[in-house]
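What follows is a single structure, written as C-alpha coordinates, with notes after it.
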Amino acid sequence: MSAAIEGWFEELPEQWRQPAQRIRDLLLEASPVMREEWKYRTPFYSHRLWMCYLSLQKNSLVLGFVQGRNMLDPDGLFAPTEHAQIQHYLPPPSPAPLPEAALRRLIQEAIALNEEIAQEKLLKKAKRKR
(Lines give C-alpha, C1' and ligand atoms only; values in the text may rest on other atoms or scores of the structure.)
Protein backbone atom coordinates (compact mmCIF):
# COMPACT_ATOMS: atom_id res chain seq x y z
CA MET A 1 0.00 0.00 0.00
CA SER A 2 1.36 3.37 -0.92
CA ALA A 3 1.99 6.28 1.38
CA ALA A 4 -0.28 8.41 -0.82
CA ILE A 5 -3.21 6.04 -0.30
CA GLU A 6 -2.61 5.75 3.43
CA GLY A 7 -2.37 9.54 3.65
CA TRP A 8 -5.65 9.93 1.78
CA PHE A 9 -7.48 7.75 4.31
CA GLU A 10 -5.83 9.51 7.27
CA GLU A 11 -6.74 12.96 5.94
CA LEU A 12 -10.44 12.19 5.44
CA PRO A 13 -12.83 14.09 7.70
CA GLU A 14 -13.62 12.02 10.78
CA GLN A 15 -17.17 11.17 9.65
CA TRP A 16 -15.85 9.46 6.50
CA ARG A 17 -12.81 7.56 7.85
CA GLN A 18 -14.65 4.50 9.16
CA PRO A 19 -16.99 4.05 6.15
CA ALA A 20 -14.10 4.56 3.71
CA GLN A 21 -11.89 2.06 5.54
CA ARG A 22 -14.69 -0.52 5.69
CA ILE A 23 -15.41 -0.14 1.96
CA ARG A 24 -11.69 -0.51 1.31
CA ASP A 25 -11.65 -3.72 3.35
CA LEU A 26 -14.68 -5.09 1.49
CA LEU A 27 -13.03 -4.37 -1.85
CA LEU A 28 -9.69 -5.92 -0.95
CA GLU A 29 -11.38 -9.00 0.56
CA ALA A 30 -13.61 -9.51 -2.50
CA SER A 31 -10.97 -10.95 -4.83
CA PRO A 32 -7.43 -12.29 -4.55
CA VAL A 33 -6.47 -10.34 -7.68
CA MET A 34 -7.92 -7.00 -6.50
CA ARG A 35 -5.30 -4.25 -6.72
CA GLU A 36 -5.31 -0.94 -4.90
CA GLU A 37 -3.61 1.85 -6.84
CA TRP A 38 -3.16 5.61 -6.59
CA LYS A 39 -4.66 7.31 -9.67
CA TYR A 40 -5.99 10.82 -10.18
CA ARG A 41 -5.17 11.62 -6.52
CA THR A 42 -7.59 8.97 -5.23
CA PRO A 43 -7.56 5.24 -4.36
CA PHE A 44 -8.49 3.10 -7.37
CA TYR A 45 -9.39 -0.58 -7.24
CA SER A 46 -8.81 -2.89 -10.17
CA HIS A 47 -9.89 -6.43 -10.86
CA ARG A 48 -8.25 -7.22 -14.19
CA LEU A 49 -9.41 -3.73 -15.31
CA TRP A 50 -10.27 -0.51 -13.50
CA MET A 51 -13.29 -1.30 -11.38
CA CYS A 52 -14.00 1.46 -8.87
CA TYR A 53 -12.57 4.29 -6.80
CA LEU A 54 -13.13 6.14 -3.57
CA SER A 55 -13.20 9.91 -3.56
CA LEU A 56 -14.40 12.85 -1.54
CA GLN A 57 -16.71 15.02 -3.64
CA LYS A 58 -18.63 18.01 -2.30
CA ASN A 59 -17.74 16.89 1.24
CA SER A 60 -19.33 13.45 0.68
CA LEU A 61 -17.65 10.09 0.29
CA VAL A 62 -18.22 8.49 -3.13
CA LEU A 63 -17.63 4.94 -4.29
CA GLY A 64 -17.62 5.23 -8.07
CA PHE A 65 -18.03 2.15 -10.27
CA VAL A 66 -16.33 2.61 -13.66
CA GLN A 67 -18.76 0.27 -15.48
CA GLY A 68 -21.70 1.25 -13.28
CA ARG A 69 -24.16 1.85 -16.12
CA ASN A 70 -23.71 -1.80 -17.11
CA MET A 71 -24.54 -3.05 -13.61
CA LEU A 72 -27.98 -4.10 -12.39
CA ASP A 73 -27.82 -2.67 -8.82
CA PRO A 74 -30.68 -4.84 -7.49
CA ASP A 75 -30.49 -3.24 -4.03
CA GLY A 76 -30.81 0.32 -5.39
CA LEU A 77 -27.55 1.63 -3.94
CA PHE A 78 -26.60 3.88 -6.86
CA ALA A 79 -27.33 7.59 -6.59
CA PRO A 80 -28.50 9.57 -9.63
CA THR A 81 -25.55 10.83 -11.67
CA GLU A 82 -25.02 12.48 -15.02
CA HIS A 83 -21.98 10.37 -15.88
CA ALA A 84 -22.29 8.41 -19.09
CA GLN A 85 -20.69 5.26 -17.68
CA ILE A 86 -19.84 5.71 -13.99
CA GLN A 87 -22.36 5.13 -11.21
CA HIS A 88 -21.93 6.38 -7.63
CA TYR A 89 -22.74 4.89 -4.28
CA LEU A 90 -22.88 7.53 -1.54
CA PRO A 91 -22.31 5.81 1.82
CA PRO A 92 -23.78 7.27 4.98
CA PRO A 93 -21.37 9.05 7.36
CA SER A 94 -20.32 7.46 10.65
CA PRO A 95 -21.81 6.19 12.86
CA ALA A 96 -24.55 4.98 10.46
CA PRO A 97 -23.96 1.38 9.36
CA LEU A 98 -23.11 0.45 5.80
CA PRO A 99 -25.40 -1.95 3.93
CA GLU A 100 -22.57 -4.49 3.79
CA ALA A 101 -24.48 -7.39 2.25
CA ALA A 102 -25.75 -5.15 -0.57
CA LEU A 103 -22.27 -3.66 -1.04
CA ARG A 104 -20.75 -7.12 -1.26
CA ARG A 105 -23.28 -8.06 -3.96
CA LEU A 106 -22.50 -4.86 -5.89
CA ILE A 107 -18.75 -5.47 -5.64
CA GLN A 108 -19.18 -9.09 -6.81
CA GLU A 109 -21.28 -7.89 -9.73
CA ALA A 110 -18.54 -5.41 -10.70
CA ILE A 111 -15.92 -8.17 -10.47
CA ALA A 112 -18.00 -10.47 -12.70
CA LEU A 113 -18.51 -7.66 -15.21
CA ASN A 114 -14.78 -6.91 -15.30
CA GLU A 115 -14.04 -10.61 -15.82
CA GLU A 116 -16.46 -10.66 -18.75
CA ILE A 117 -14.98 -7.50 -20.30
CA ALA A 118 -11.41 -8.75 -19.82
CA GLN A 119 -12.31 -12.07 -21.48
CA GLU A 120 -13.91 -10.26 -24.43
CA LYS A 121 -10.76 -8.15 -24.85
CA LEU A 122 -8.59 -11.28 -24.85
CA LEU A 123 -10.79 -12.91 -27.49
CA LYS A 124 -10.66 -9.81 -29.70
CA LYS A 125 -6.88 -9.65 -29.31
CA ALA A 126 -6.54 -13.34 -30.23
CA LYS A 127 -8.69 -12.86 -33.35
CA ARG A 128 -6.54 -9.94 -34.51
CA LYS A 129 -3.39 -12.06 -34.27
CA ARG A 130 -4.77 -14.67 -36.70
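Chain lettering (A, B, ...) mirrors the order of the C-alpha coordinates, residue numbering begins at 1 for each chain separately, and ligand numbering begins at 1 in order of display.
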
TODO: Could you find all residues in chain A that DSSP calls helix (DSSP H, G or I) from the backbone, and write them as a VMD selection string?
DONE: chain A and resid 3 to 11 14 to 30 68 to 70 100 to 129

- [ ] Name the residues in contact with Met34 of chain A at a cut-off of 12 Å, using only C-alpha atoms, excluding same-chain residues fewer than 3 positions from it; report them as a VMD selection string.
- [x] chain A and resid 24 to 31 37 44 to 52 107 to 108 110 to 111 114 to 115

Selection export as a tab-separated table (two decimals), in the first residue's frame, atoms kept: N, CA, C and O atoms:
```
chain	number	residue	atom	x	y	z
A	24	ARG	N	-13.00	-0.06	1.75
A	24	ARG	CA	-11.69	-0.51	1.31
A	24	ARG	C	-11.49	-1.98	1.67
A	24	ARG	O	-11.06	-2.78	0.84
A	25	ASP	N	-11.79	-2.33	2.91
A	25	ASP	CA	-11.65	-3.72	3.35
A	25	ASP	C	-12.52	-4.66	2.52
A	25	ASP	O	-12.07	-5.73	2.11
A	26	LEU	N	-13.77	-4.26	2.29
A	26	LEU	CA	-14.68	-5.09	1.49
A	26	LEU	C	-14.14	-5.30	0.08
A	26	LEU	O	-14.23	-6.41	-0.47
A	27	LEU	N	-13.59	-4.26	-0.51
A	27	LEU	CA	-13.03	-4.37	-1.85
A	27	LEU	C	-11.83	-5.30	-1.89
A	27	LEU	O	-11.75	-6.19	-2.74
A	28	LEU	N	-10.92	-5.11	-0.95
A	28	LEU	CA	-9.69	-5.92	-0.95
A	28	LEU	C	-9.97	-7.38	-0.58
A	28	LEU	O	-9.25	-8.27	-1.03
A	29	GLU	N	-11.00	-7.63	0.20
A	29	GLU	CA	-11.38	-9.00	0.56
A	29	GLU	C	-12.15	-9.70	-0.56
A	29	GLU	O	-12.25	-10.94	-0.57
A	30	ALA	N	-12.69	-8.96	-1.49
A	30	ALA	CA	-13.61	-9.51	-2.50
A	30	ALA	C	-12.93	-10.41	-3.53
A	30	ALA	O	-13.58	-11.27	-4.11
A	31	SER	N	-11.64	-10.20	-3.77
A	31	SER	CA	-10.97	-10.95	-4.83
A	31	SER	C	-9.47	-11.02	-4.54
A	31	SER	O	-8.86	-10.00	-4.19
A	37	GLU	N	-4.58	0.98	-6.18
A	37	GLU	CA	-3.61	1.85	-6.84
A	37	GLU	C	-3.96	3.32	-6.59
A	37	GLU	O	-5.11	3.64	-6.31
A	44	PHE	N	-7.80	3.83	-6.31
A	44	PHE	CA	-8.49	3.10	-7.37
A	44	PHE	C	-8.36	1.62	-7.11
A	44	PHE	O	-7.33	1.16	-6.63
A	45	TYR	N	-9.39	0.87	-7.45
A	45	TYR	CA	-9.39	-0.58	-7.24
A	45	TYR	C	-9.63	-1.26	-8.57
A	45	TYR	O	-10.57	-0.91	-9.30
A	46	SER	N	-8.74	-2.21	-8.89
A	46	SER	CA	-8.81	-2.89	-10.17
A	46	SER	C	-8.92	-4.39	-9.97
A	46	SER	O	-8.23	-4.97	-9.13
A	47	HIS	N	-9.80	-4.98	-10.74
A	47	HIS	CA	-9.89	-6.43	-10.86
A	47	HIS	C	-9.79	-6.72	-12.34
A	47	HIS	O	-10.77	-6.57	-13.07
A	48	ARG	N	-8.59	-7.05	-12.78
A	48	ARG	CA	-8.25	-7.22	-14.19
A	48	ARG	C	-8.24	-5.88	-14.93
A	48	ARG	O	-7.36	-5.60	-15.69
A	49	LEU	N	-9.26	-5.07	-14.70
A	49	LEU	CA	-9.41	-3.73	-15.31
A	49	LEU	C	-9.81	-2.76	-14.19
A	49	LEU	O	-10.19	-3.18	-13.10
A	50	TRP	N	-9.79	-1.47	-14.48
A	50	TRP	CA	-10.27	-0.51	-13.50
A	50	TRP	C	-11.69	-0.87	-13.12
A	50	TRP	O	-12.54	-1.09	-13.99
A	51	MET	N	-11.97	-0.91	-11.83
A	51	MET	CA	-13.29	-1.30	-11.38
A	51	MET	C	-14.01	-0.17	-10.65
A	51	MET	O	-15.13	0.18	-10.97
A	52	CYS	N	-13.35	0.41	-9.64
A	52	CYS	CA	-14.00	1.46	-8.87
A	52	CYS	C	-12.97	2.31	-8.15
A	52	CYS	O	-11.78	2.01	-8.17
A	107	ILE	N	-20.16	-5.25	-5.35
A	107	ILE	CA	-18.75	-5.47	-5.64
A	107	ILE	C	-18.57	-6.76	-6.45
A	107	ILE	O	-17.82	-6.79	-7.43
A	108	GLN	N	-19.27	-7.82	-6.07
A	108	GLN	CA	-19.18	-9.09	-6.81
A	108	GLN	C	-19.71	-8.93	-8.23
A	108	GLN	O	-19.17	-9.52	-9.17
A	110	ALA	N	-19.58	-6.16	-9.98
A	110	ALA	CA	-18.54	-5.41	-10.70
A	110	ALA	C	-17.37	-6.32	-11.08
A	110	ALA	O	-16.82	-6.21	-12.18
A	111	ILE	N	-17.00	-7.23	-10.19
A	111	ILE	CA	-15.92	-8.17	-10.47
A	111	ILE	C	-16.32	-9.07	-11.64
A	111	ILE	O	-15.54	-9.27	-12.58
A	114	ASN	N	-16.16	-7.12	-14.85
A	114	ASN	CA	-14.78	-6.91	-15.30
A	114	ASN	C	-14.18	-8.19	-15.88
A	114	ASN	O	-13.42	-8.14	-16.85
A	115	GLU	N	-14.50	-9.33	-15.28
A	115	GLU	CA	-14.04	-10.61	-15.82
A	115	GLU	C	-14.56	-10.80	-17.24
A	115	GLU	O	-13.82	-11.21	-18.14
```

Task: Residues flagged strand (DSSP E or B) by DSSP in chain A, as a PyMOL selection string - done: chain A and resi 35-39+42-47+49-57+60-65+78-79+87-89

Excluding segment 20-23 of chain A and its own-chain neighbours fewer than 6 positions away, which residues fall within 10 Å of it when counting only C-alpha atoms? Please give them as a CSV table (one decimal) with N, CA, C and O atoms, in the first residue's frame.
```csv
chain,number,residue,atom,x,y,z
A,9,PHE,N,-6.6,8.3,3.3
A,9,PHE,CA,-7.5,7.8,4.3
A,9,PHE,C,-7.3,8.5,5.6
A,9,PHE,O,-8.3,8.8,6.3
A,10,GLU,N,-6.1,8.8,6.0
A,10,GLU,CA,-5.8,9.5,7.3
A,10,GLU,C,-6.3,10.9,7.2
A,10,GLU,O,-6.7,11.5,8.3
A,12,LEU,N,-9.0,12.1,5.6
A,12,LEU,CA,-10.4,12.2,5.4
A,12,LEU,C,-11.0,12.8,6.7
A,12,LEU,O,-10.6,12.6,7.8
A,29,GLU,N,-11.0,-7.6,0.2
A,29,GLU,CA,-11.4,-9.0,0.6
A,29,GLU,C,-12.1,-9.7,-0.6
A,29,GLU,O,-12.2,-10.9,-0.6
A,54,LEU,N,-12.6,5.4,-4.7
A,54,LEU,CA,-13.1,6.1,-3.6
A,54,LEU,C,-12.7,7.6,-3.7
A,54,LEU,O,-11.5,7.8,-4.1
A,55,SER,N,-13.6,8.5,-3.5
A,55,SER,CA,-13.2,9.9,-3.6
A,55,SER,C,-14.1,10.7,-2.6
A,55,SER,O,-15.2,10.3,-2.2
A,56,LEU,N,-13.6,11.9,-2.3
A,56,LEU,CA,-14.4,12.8,-1.5
A,56,LEU,C,-14.8,13.9,-2.5
A,56,LEU,O,-14.0,14.6,-3.1
A,61,LEU,N,-18.4,11.2,0.8
A,61,LEU,CA,-17.7,10.1,0.3
A,61,LEU,C,-18.4,9.5,-0.9
A,61,LEU,O,-19.6,9.3,-0.9
A,62,VAL,N,-17.6,9.1,-1.9
A,62,VAL,CA,-18.2,8.5,-3.1
A,62,VAL,C,-17.4,7.2,-3.5
A,62,VAL,O,-16.2,7.2,-3.5
A,63,LEU,N,-18.2,6.2,-3.7
A,63,LEU,CA,-17.6,4.9,-4.3
A,63,LEU,C,-18.1,4.9,-5.7
A,63,LEU,O,-19.3,4.7,-6.0
A,91,PRO,N,-22.1,6.4,0.5
A,91,PRO,CA,-22.3,5.8,1.8
A,91,PRO,C,-22.7,6.8,2.9
A,91,PRO,O,-22.4,8.0,2.8
A,93,PRO,N,-22.5,8.7,6.5
A,93,PRO,CA,-21.4,9.0,7.4
A,93,PRO,C,-21.5,8.2,8.7
A,93,PRO,O,-22.5,7.7,9.0
A,94,SER,N,-20.3,8.1,9.3
A,94,SER,CA,-20.3,7.5,10.6
A,94,SER,C,-21.2,8.2,11.6
A,94,SER,O,-21.3,9.5,11.5
A,98,LEU,N,-23.1,0.7,7.2
A,98,LEU,CA,-23.1,0.5,5.8
A,98,LEU,C,-24.0,-0.8,5.5
A,98,LEU,O,-24.0,-1.7,6.3
A,100,GLU,N,-23.7,-3.6,4.2
A,100,GLU,CA,-22.6,-4.5,3.8
A,100,GLU,C,-23.0,-5.6,2.9
A,100,GLU,O,-22.3,-5.9,1.9
A,103,LEU,N,-23.5,-4.1,-0.5
A,103,LEU,CA,-22.3,-3.7,-1.0
A,103,LEU,C,-21.5,-4.8,-1.6
A,103,LEU,O,-20.9,-4.8,-2.6
A,104,ARG,N,-21.5,-5.9,-0.8
A,104,ARG,CA,-20.7,-7.1,-1.3
A,104,ARG,C,-21.3,-7.6,-2.6
A,104,ARG,O,-20.6,-8.0,-3.5
A,107,ILE,N,-20.2,-5.3,-5.3
A,107,ILE,CA,-18.7,-5.5,-5.6
A,107,ILE,C,-18.6,-6.8,-6.4
A,107,ILE,O,-17.8,-6.8,-7.4
```
